[in-house]
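Asker: Below you will find the structure I want to go over with you.
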Amino acid sequence: RSLFLRTDGFFSPSLWRAALSDAPWVYDQTRYFWQDERANFISRLGDRQAEFLTVLACIFLATPPAFFLARRILRRKESNLQPTRARRAAAAGWSALIIAATPVATALAIGYALSAYTLLDANGALLFERLFEGVARIAFVYAIARAVFAPLHEHWRVLDPGDRRARIYVRLLTLAAIILSITRVIEQIEAIVQASVQVVIITRGFGVMLIALLIATPLLTLSKDEEIAAETAQGRDWIALIKTLSAIALVLIIGACAIGYVSFANFMILQAAWLGAVLFLLYFLVVLSVSGAETAFSANNFFGRNLMRSLGLNKEQLAPIGVLIGGVLTVLAYCVAALFALAAWGYQSDDFLANLREAFFAIKIGDVTISPYGVIGA
């Protein structure tokens with residue numbers, strides 16, 4: 001994929017004419033592709049149809065109880081007490097993990113089943129990889145959005161834009177992930193059937209413009225009363241910041257599409273989503289590490305009291321140790337976050353990321369390897 005590939009602008013009539021003239025051929029090739037994949041799937045399945053359907057039935061029957069269990073785990077008792085920052089961070093991380101676990105586990109289980117029965121050829125494996133990435137992307141975006149904005153639990157919000165805006169932001173972010181995932185799947189099919197560049201650019205640009213519309217929605221749906229209430233409640237004009245960032249993103253995306261850099265606009269959206277996930281993990285790690293270090297090196301717990309006796313320290317001498325360790329952990333967390341944020345631009349430590357890849361499990365379908373790290377890189 002060429003990041004700075006320049007074509008006719010997305011709004012250029014010549015681009016649309018070329019894409020429309022090629023569309024019938026692409027449609028026919030796509031139809032032949034699905035027919036070939038269906039015939040290949042049935043041929044590979046052979047007389048194992050009942051066995052494979054049983055495996056799929058077990059996977060899908062296990063999914064609703066898993067969702068129900070996740071809802072039970074995440075259920076919180078309503079209270080007027082304001083939780084601490086550390087408790088909110090821990091609850092956000094735990095909620096994101098639980099919410100995303102079931103759909104990702106279901107997609108992985110289906111992938112393992114397809115791999116075990118060797119039902120997909122190379123093209124089918126590539127398409128399933130895109131589908132898996134889409135499911136994982138939607139699940140993680142929805143999970144992080146729910147964890148950060150907590151629409152049903154205002155006291156547990158990492159960012160509190162108000163009840164109405166919290167619901168809007170969760171929906172908009174989830175819709176953006178759905179649009180991006182569908183676009184990626186369609187692009188994979190177009191790559192398999194060797195569609196023209198114009199068709200690919202139209203597909204990619206259409207997805208980018210839909211996401212731009214979602215970005216514009218907060219600018220058009222927030223009332224003046226909500227702005228005043230948010231400023232009064234938080235002491236800071238978060239709404240102005242959101243509007244500024246949304247306006248800048250809109251200008252960059254629409255401008256890039258207009259002058260022919262649709263791929264770059266798509267890349268900016270992908271990296272904005274990735275950066276948001278990195279920032280969420282950074283917040284989670286920093287808050288918990290600092291809070292954990294300060295709590296551990298406190299005279300109010302078993303470890304701190306025994307450390308004081310062992311080293312002959314008093315309370316005033318013990319507390320700075322926790323602060324120092326918390327600072328060191330914070331710096332390390334920022335360094336790791338910077339590596340992850342820059343990895344998409346090609347600035348990475350090969351040894352560090354190679355070891356990180358080995359730490360994740362993966363499944364292999366044909367010549368395609370699917371892993372959580374692969375989803376991150378997508």
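Identifiers in the structure tokens: chain A, B, ... in order shown; residue index from 1 per chain; ligand index from 1 in order shown.
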Mind checking which residues fall within 12 Å of Thr84 in chain A, counting only C-alpha atoms, ignoring those fewer than 2 positions away in the same chain, and posting them as a PyMOL selection string?
Answerer: chain A and resi 81-82+86-91+155-158+287-288+291
Asker: Let's have the selection written as a PDB file, in the first residue's frame, with N, CA, C and O atoms.
Answerer:
```pdb
ATOM      1  N   LEU A  81     -21.115   7.764  45.876  1.00  0.00           N
ATOM      2  CA  LEU A  81     -19.721   7.969  46.241  1.00  0.00           C
ATOM      3  C   LEU A  81     -18.861   8.054  44.981  1.00  0.00           C
ATOM      4  O   LEU A  81     -19.010   7.249  44.058  1.00  0.00           O
ATOM      5  N   GLN A  82     -17.971   9.008  44.948  1.00  0.00           N
ATOM      6  CA  GLN A  82     -17.080   9.194  43.809  1.00  0.00           C
ATOM      7  C   GLN A  82     -15.871   8.264  43.948  1.00  0.00           C
ATOM      8  O   GLN A  82     -15.126   8.372  44.916  1.00  0.00           O
ATOM      9  N   ALA A  86      -7.659   5.813  40.632  1.00  0.00           N
ATOM     10  CA  ALA A  86      -7.114   4.472  40.412  1.00  0.00           C
ATOM     11  C   ALA A  86      -8.228   3.456  40.213  1.00  0.00           C
ATOM     12  O   ALA A  86      -8.132   2.569  39.355  1.00  0.00           O
ATOM     13  N   ARG A  87      -9.296   3.564  40.990  1.00  0.00           N
ATOM     14  CA  ARG A  87     -10.419   2.629  40.832  1.00  0.00           C
ATOM     15  C   ARG A  87     -11.102   2.824  39.492  1.00  0.00           C
ATOM     16  O   ARG A  87     -11.521   1.851  38.854  1.00  0.00           O
ATOM     17  N   ARG A  88     -11.235   4.071  39.035  1.00  0.00           N
ATOM     18  CA  ARG A  88     -11.836   4.306  37.717  1.00  0.00           C
ATOM     19  C   ARG A  88     -10.968   3.717  36.616  1.00  0.00           C
ATOM     20  O   ARG A  88     -11.479   3.123  35.659  1.00  0.00           O
ATOM     21  N   ALA A  89      -9.654   3.881  36.720  1.00  0.00           N
ATOM     22  CA  ALA A  89      -8.747   3.330  35.708  1.00  0.00           C
ATOM     23  C   ALA A  89      -8.812   1.802  35.700  1.00  0.00           C
ATOM     24  O   ALA A  89      -8.869   1.177  34.633  1.00  0.00           O
ATOM     25  N   ALA A  90      -8.799   1.193  36.886  1.00  0.00           N
ATOM     26  CA  ALA A  90      -8.872  -0.271  36.960  1.00  0.00           C
ATOM     27  C   ALA A  90     -10.198  -0.775  36.406  1.00  0.00           C
ATOM     28  O   ALA A  90     -10.238  -1.764  35.663  1.00  0.00           O
ATOM     29  N   ALA A  91     -11.287  -0.085  36.739  1.00  0.00           N
ATOM     30  CA  ALA A  91     -12.603  -0.490  36.231  1.00  0.00           C
ATOM     31  C   ALA A  91     -12.679  -0.328  34.719  1.00  0.00           C
ATOM     32  O   ALA A  91     -13.269  -1.170  34.017  1.00  0.00           O
ATOM     33  N   HIS A 155     -20.327   8.103  37.472  1.00  0.00           N
ATOM     34  CA  HIS A 155     -19.240   8.259  38.445  1.00  0.00           C
ATOM     35  C   HIS A 155     -17.982   7.492  38.034  1.00  0.00           C
ATOM     36  O   HIS A 155     -16.912   7.733  38.602  1.00  0.00           O
ATOM     37  N   TRP A 156     -18.106   6.567  37.078  1.00  0.00           N
ATOM     38  CA  TRP A 156     -16.973   5.732  36.694  1.00  0.00           C
ATOM     39  C   TRP A 156     -16.355   6.158  35.364  1.00  0.00           C
ATOM     40  O   TRP A 156     -15.540   5.435  34.799  1.00  0.00           O
ATOM     41  N   ARG A 157     -16.717   7.314  34.874  1.00  0.00           N
ATOM     42  CA  ARG A 157     -16.208   7.759  33.577  1.00  0.00           C
ATOM     43  C   ARG A 157     -14.783   8.285  33.691  1.00  0.00           C
ATOM     44  O   ARG A 157     -14.478   9.069  34.583  1.00  0.00           O
ATOM     45  N   VAL A 158     -13.952   7.847  32.755  1.00  0.00           N
ATOM     46  CA  VAL A 158     -12.604   8.419  32.663  1.00  0.00           C
ATOM     47  C   VAL A 158     -12.694   9.848  32.143  1.00  0.00           C
ATOM     48  O   VAL A 158     -12.027  10.759  32.638  1.00  0.00           O
ATOM     49  N   VAL A 287      -1.798   5.286  35.716  1.00  0.00           N
ATOM     50  CA  VAL A 287      -2.582   5.479  36.934  1.00  0.00           C
ATOM     51  C   VAL A 287      -2.406   4.302  37.889  1.00  0.00           C
ATOM     52  O   VAL A 287      -2.177   4.484  39.095  1.00  0.00           O
ATOM     53  N   LEU A 288      -2.483   3.079  37.358  1.00  0.00           N
ATOM     54  CA  LEU A 288      -2.369   1.921  38.238  1.00  0.00           C
ATOM     55  C   LEU A 288      -0.961   1.746  38.773  1.00  0.00           C
ATOM     56  O   LEU A 288      -0.776   1.362  39.935  1.00  0.00           O
ATOM     57  N   SER A 291      -0.380   4.558  41.421  1.00  0.00           N
ATOM     58  CA  SER A 291      -1.182   4.272  42.616  1.00  0.00           C
ATOM     59  C   SER A 291      -0.679   3.028  43.335  1.00  0.00           C
ATOM     60  O   SER A 291      -0.596   3.002  44.573  1.00  0.00           O
TER      61      SER A 291
END
```
Asker: Excluding same-chain residues fewer than 5 positions from Trp34 in chain A, what lies within 10 Å of it counting only C-alpha atoms, as a list in words?
Answerer: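 Once the nearby chain positions are removed, what remains is Gln29, Ala39, Asn40, Gly124 and Ile189 of chain A.
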Asker: Quick one: pull the distance between CA of Asp22 in chain A and CA of Glu133 in chain A, Å, one decimal.
Answerer: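 Taking CA of Asp22 in chain A and CA of Glu133 in chain A, their separation equals 28.0 Å.
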Asker: Applying 12 Å and only C-alpha atoms, which residues near Pro64 in chain A remain after dropping the ones on its own chain fewer than 6 positions away? List them as a PyMOL selection string.
Answerer: chain A and resi 57-58+70-71+102-103+106
Asker: Using only C-alpha atoms, which residues sit within 7 Å of range 203-210 of chain A once same-chain residues fewer than 3 positions away are excluded, as a VMD selection string?
Answerer: chain A and resid 10 179 to 180 183 199 to 200 213 to 214 257 262 266
Asker: Taking N, CA and C atoms for each residue, export the selection above as a PDB file, in the first residue's frame.
Answerer:
```
ATOM      1  N   PHE A  10     -11.018  12.847  -4.975  1.00  0.00           N
ATOM      2  CA  PHE A  10     -12.212  12.028  -4.756  1.00  0.00           C
ATOM      3  C   PHE A  10     -13.451  12.657  -5.386  1.00  0.00           C
ATOM      4  N   ILE A 179     -17.704   0.999   9.837  1.00  0.00           N
ATOM      5  CA  ILE A 179     -17.470   1.496   8.472  1.00  0.00           C
ATOM      6  C   ILE A 179     -16.051   1.170   8.021  1.00  0.00           C
ATOM      7  N   LEU A 180     -15.079   1.412   8.883  1.00  0.00           N
ATOM      8  CA  LEU A 180     -13.692   1.144   8.534  1.00  0.00           C
ATOM      9  C   LEU A 180     -13.471  -0.342   8.259  1.00  0.00           C
ATOM     10  N   THR A 183     -15.105  -1.374   4.934  1.00  0.00           N
ATOM     11  CA  THR A 183     -14.288  -0.852   3.833  1.00  0.00           C
ATOM     12  C   THR A 183     -13.057  -1.717   3.598  1.00  0.00           C
ATOM     13  N   VAL A 199     -11.378   2.149  -8.753  1.00  0.00           N
ATOM     14  CA  VAL A 199     -12.432   1.502  -7.959  1.00  0.00           C
ATOM     15  C   VAL A 199     -12.012   1.419  -6.497  1.00  0.00           C
ATOM     16  N   VAL A 200     -10.763   1.060  -6.262  1.00  0.00           N
ATOM     17  CA  VAL A 200     -10.264   0.968  -4.883  1.00  0.00           C
ATOM     18  C   VAL A 200     -10.306   2.332  -4.204  1.00  0.00           C
ATOM     19  N   LEU A 213     -18.166  12.331   8.140  1.00  0.00           N
ATOM     20  CA  LEU A 213     -19.519  12.739   8.540  1.00  0.00           C
ATOM     21  C   LEU A 213     -19.764  12.439  10.019  1.00  0.00           C
ATOM     22  N   LEU A 214     -19.267  11.299  10.479  1.00  0.00           N
ATOM     23  CA  LEU A 214     -19.410  10.961  11.896  1.00  0.00           C
ATOM     24  C   LEU A 214     -18.614  11.933  12.768  1.00  0.00           C
ATOM     25  N   CYS A 257      -8.631  14.168   0.633  1.00  0.00           N
ATOM     26  CA  CYS A 257      -9.441  13.490  -0.386  1.00  0.00           C
ATOM     27  C   CYS A 257      -9.624  14.374  -1.618  1.00  0.00           C
ATOM     28  N   VAL A 262      -6.344  10.134  -0.997  1.00  0.00           N
ATOM     29  CA  VAL A 262      -7.359   9.380  -0.261  1.00  0.00           C
ATOM     30  C   VAL A 262      -6.699   8.346   0.645  1.00  0.00           C
ATOM     31  N   ASN A 266      -7.146   7.963   4.695  1.00  0.00           N
ATOM     32  CA  ASN A 266      -7.502   6.696   5.330  1.00  0.00           C
ATOM     33  C   ASN A 266      -6.469   6.300   6.375  1.00  0.00           C
TER      34      ASN A 266
END
```
Asker: Tell me which protein, DNA and RNA residues are within 12 Å of Ala337 in chain A, counting only C-alpha atoms, leaving out same-chain ones fewer than 6 positions away, and put them as a PyMOL selection string.
Answerer: chain A and resi 274-286+330-331+343+348
Asker: Tell me, as a ChimeraX atom specification, which residues lie within 8 Å of Tyr261 in chain A, counting only C-alpha atoms; anything in the same chain fewer than 5 positions away does not count.
Answerer: /A:4-7,9,256
Asker: Would you work out the distance separating CA of Lys243 in chain A from CA of Met268 in chain A, expressed in Å to one decimal?
Answerer: 17.9 Å
Asker: If you run DSSP over the backbone, which residues in range 3-227 of chain A end up alpha helix (DSSP H)? Put them as a PyMOL selection string.
Answerer: chain A and resi 13-45+49-74+85-116+122-149+163-192+197-221+224-227
Asker: So, with only C-alpha atoms as the atoms that count, which of A:Thr30, A:Ile59, A:Leu97, A:Val290 lies closest to Glu187 in chain A?
Answerer: A:Thr30
Asker: From the options A:Leu69, A:Ala116, A:Val148, A:Leu318, which residue's atoms come nearest to Leu45 in chain A, counting only C-alpha atoms?
Answerer: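 Residue with the minimum atom-to-atom distance to Leu45 in chain A: A:Ala116.
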Asker: Considering only C-alpha atoms, return as a PyMOL selection string whatever protein or nucleic-acid residues lie within 10 Å of Ala101 in chain A, sequence-local ones (same chain, fewer than 2 positions apart) excluded.
Answerer: chain A and resi 66-67+70+95-99+103-106+136+139-140+143
Asker: Take the selection from the previous step and output its residues with N, CA, C and O atoms, as a PDB file, in the first residue's frame.
Answerer:
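Final output, selection-v9.pdb:
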```pdb
ATOM      1  N   ALA A  66     -21.769 -16.419  27.175  1.00  0.00           N
ATOM      2  CA  ALA A  66     -20.567 -15.623  27.443  1.00  0.00           C
ATOM      3  C   ALA A  66     -20.907 -14.141  27.531  1.00  0.00           C
ATOM      4  O   ALA A  66     -20.400 -13.424  28.402  1.00  0.00           O
ATOM      5  N   PHE A  67     -21.780 -13.668  26.619  1.00  0.00           N
ATOM      6  CA  PHE A  67     -22.221 -12.272  26.698  1.00  0.00           C
ATOM      7  C   PHE A  67     -22.986 -12.013  27.997  1.00  0.00           C
ATOM      8  O   PHE A  67     -22.794 -10.974  28.646  1.00  0.00           O
ATOM      9  N   ALA A  70     -20.574 -11.822  30.823  1.00  0.00           N
ATOM     10  CA  ALA A  70     -19.844 -10.553  30.790  1.00  0.00           C
ATOM     11  C   ALA A  70     -20.690  -9.427  31.376  1.00  0.00           C
ATOM     12  O   ALA A  70     -20.192  -8.583  32.129  1.00  0.00           O
ATOM     13  N   SER A  95     -13.281  -3.412  32.309  1.00  0.00           N
ATOM     14  CA  SER A  95     -14.483  -3.383  31.466  1.00  0.00           C
ATOM     15  C   SER A  95     -14.128  -3.574  29.997  1.00  0.00           C
ATOM     16  O   SER A  95     -14.791  -4.334  29.280  1.00  0.00           O
ATOM     17  N   ALA A  96     -13.080  -2.884  29.526  1.00  0.00           N
ATOM     18  CA  ALA A  96     -12.684  -3.021  28.124  1.00  0.00           C
ATOM     19  C   ALA A  96     -12.306  -4.457  27.802  1.00  0.00           C
ATOM     20  O   ALA A  96     -12.672  -5.000  26.747  1.00  0.00           O
ATOM     21  N   LEU A  97     -11.577  -5.102  28.700  1.00  0.00           N
ATOM     22  CA  LEU A  97     -11.156  -6.486  28.475  1.00  0.00           C
ATOM     23  C   LEU A  97     -12.354  -7.429  28.417  1.00  0.00           C
ATOM     24  O   LEU A  97     -12.450  -8.275  27.517  1.00  0.00           O
ATOM     25  N   ILE A  98     -13.279  -7.280  29.345  1.00  0.00           N
ATOM     26  CA  ILE A  98     -14.436  -8.181  29.411  1.00  0.00           C
ATOM     27  C   ILE A  98     -15.360  -7.971  28.216  1.00  0.00           C
ATOM     28  O   ILE A  98     -15.866  -8.933  27.613  1.00  0.00           O
ATOM     29  N   ILE A  99     -15.589  -6.718  27.837  1.00  0.00           N
ATOM     30  CA  ILE A  99     -16.497  -6.428  26.720  1.00  0.00           C
ATOM     31  C   ILE A  99     -15.951  -6.980  25.409  1.00  0.00           C
ATOM     32  O   ILE A  99     -16.691  -7.542  24.591  1.00  0.00           O
ATOM     33  N   PRO A 103     -16.593 -11.417  21.632  1.00  0.00           N
ATOM     34  CA  PRO A 103     -16.565 -11.431  20.154  1.00  0.00           C
ATOM     35  C   PRO A 103     -15.219 -11.831  19.580  1.00  0.00           C
ATOM     36  O   PRO A 103     -15.160 -12.546  18.573  1.00  0.00           O
ATOM     37  N   VAL A 104     -14.123 -11.391  20.212  1.00  0.00           N
ATOM     38  CA  VAL A 104     -12.805 -11.765  19.706  1.00  0.00           C
ATOM     39  C   VAL A 104     -12.570 -13.264  19.882  1.00  0.00           C
ATOM     40  O   VAL A 104     -12.048 -13.941  18.985  1.00  0.00           O
ATOM     41  N   ALA A 105     -12.962 -13.805  21.029  1.00  0.00           N
ATOM     42  CA  ALA A 105     -12.801 -15.246  21.267  1.00  0.00           C
ATOM     43  C   ALA A 105     -13.649 -16.061  20.291  1.00  0.00           C
ATOM     44  O   ALA A 105     -13.207 -17.110  19.798  1.00  0.00           O
ATOM     45  N   THR A 106     -14.847 -15.587  19.993  1.00  0.00           N
ATOM     46  CA  THR A 106     -15.702 -16.289  19.027  1.00  0.00           C
ATOM     47  C   THR A 106     -15.070 -16.298  17.642  1.00  0.00           C
ATOM     48  O   THR A 106     -15.031 -17.341  16.963  1.00  0.00           O
ATOM     49  N   ALA A 136     -12.452  -7.816  15.512  1.00  0.00           N
ATOM     50  CA  ALA A 136     -11.605  -7.385  16.629  1.00  0.00           C
ATOM     51  C   ALA A 136     -11.588  -5.866  16.750  1.00  0.00           C
ATOM     52  O   ALA A 136     -11.649  -5.320  17.855  1.00  0.00           O
ATOM     53  N   ALA A 139     -14.899  -4.690  18.177  1.00  0.00           N
ATOM     54  CA  ALA A 139     -15.016  -5.088  19.582  1.00  0.00           C
ATOM     55  C   ALA A 139     -14.151  -4.208  20.477  1.00  0.00           C
ATOM     56  O   ALA A 139     -14.607  -3.733  21.526  1.00  0.00           O
ATOM     57  N   PHE A 140     -12.905  -3.959  20.077  1.00  0.00           N
ATOM     58  CA  PHE A 140     -12.012  -3.168  20.917  1.00  0.00           C
ATOM     59  C   PHE A 140     -12.413  -1.698  20.956  1.00  0.00           C
ATOM     60  O   PHE A 140     -12.336  -1.056  22.012  1.00  0.00           O
ATOM     61  N   ALA A 143     -15.435  -1.511  23.136  1.00  0.00           N
ATOM     62  CA  ALA A 143     -15.061  -1.779  24.527  1.00  0.00           C
ATOM     63  C   ALA A 143     -14.356  -0.573  25.145  1.00  0.00           C
ATOM     64  O   ALA A 143     -14.661  -0.175  26.278  1.00  0.00           O
TER      65      ALA A 143
END
```
